[in-house]
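Asks: Dumping the structure here so I can ask a few things about it.
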Amino acid sequence: MKTDIRNNVGLRIKELRRKGGITQEKFALMTGINRSYLADIEQGNRNFGFDTLDKIVKSFGISLSEFFDGM
């Protein structure tokens, strides 16, 4: 079952990735995270840890606070 926070975080990741013109495939290479795992995160279908979130956010070149301010 999707939670609001999981869904919102996934949508934020997808928004930032698309805004940067980055494909899931390229983003997977940038983060070192499997593409299908990233797709599940974007869709709100996957639980993930703070280390994974940190990798994702750092790949966008923003801080965690900037990431969450946009939600």
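Please note that chains go A, B, ... in the order of the structure tokens, that every chain numbers its residues from 1, and that ligands are numbered from 1 in the order shown.
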I'd like the contact shell of stretch 4-16 of chain A - 10 Å cut-off, only C-alpha atoms, skipping same-chain residues fewer than 6 positions apart - returned as a list in words.

Replies: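 Contacts, in chain order: Ile22, Thr23, Gln24, Leu38, Ala39, Asp40, Ile41, Glu42, Gln43, Gly44, Asn45, Arg46, Asn47, Phe48, Leu53, Ile56, Val57, Phe60, Phe67, Phe68, Gly70 and Met71 of chain A.
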
Asks: Can you tell me which residues surround A:Thr31 at a distance of at most 10 Å, considering only C-alpha atoms, apart from same-chain residues fewer than 3 positions away, and format the answer as a PyMOL selection string?

Replies: chain A and resi 26-28+34-35+38+52+54-60

Asks: Using DSSP secondary structure from the backbone, list all helix (DSSP H, G or I) positions within chain A, as an MDAnalysis selection string.

Replies: chainID A and resid 4:19 24:31 35:42 50:60 64:69
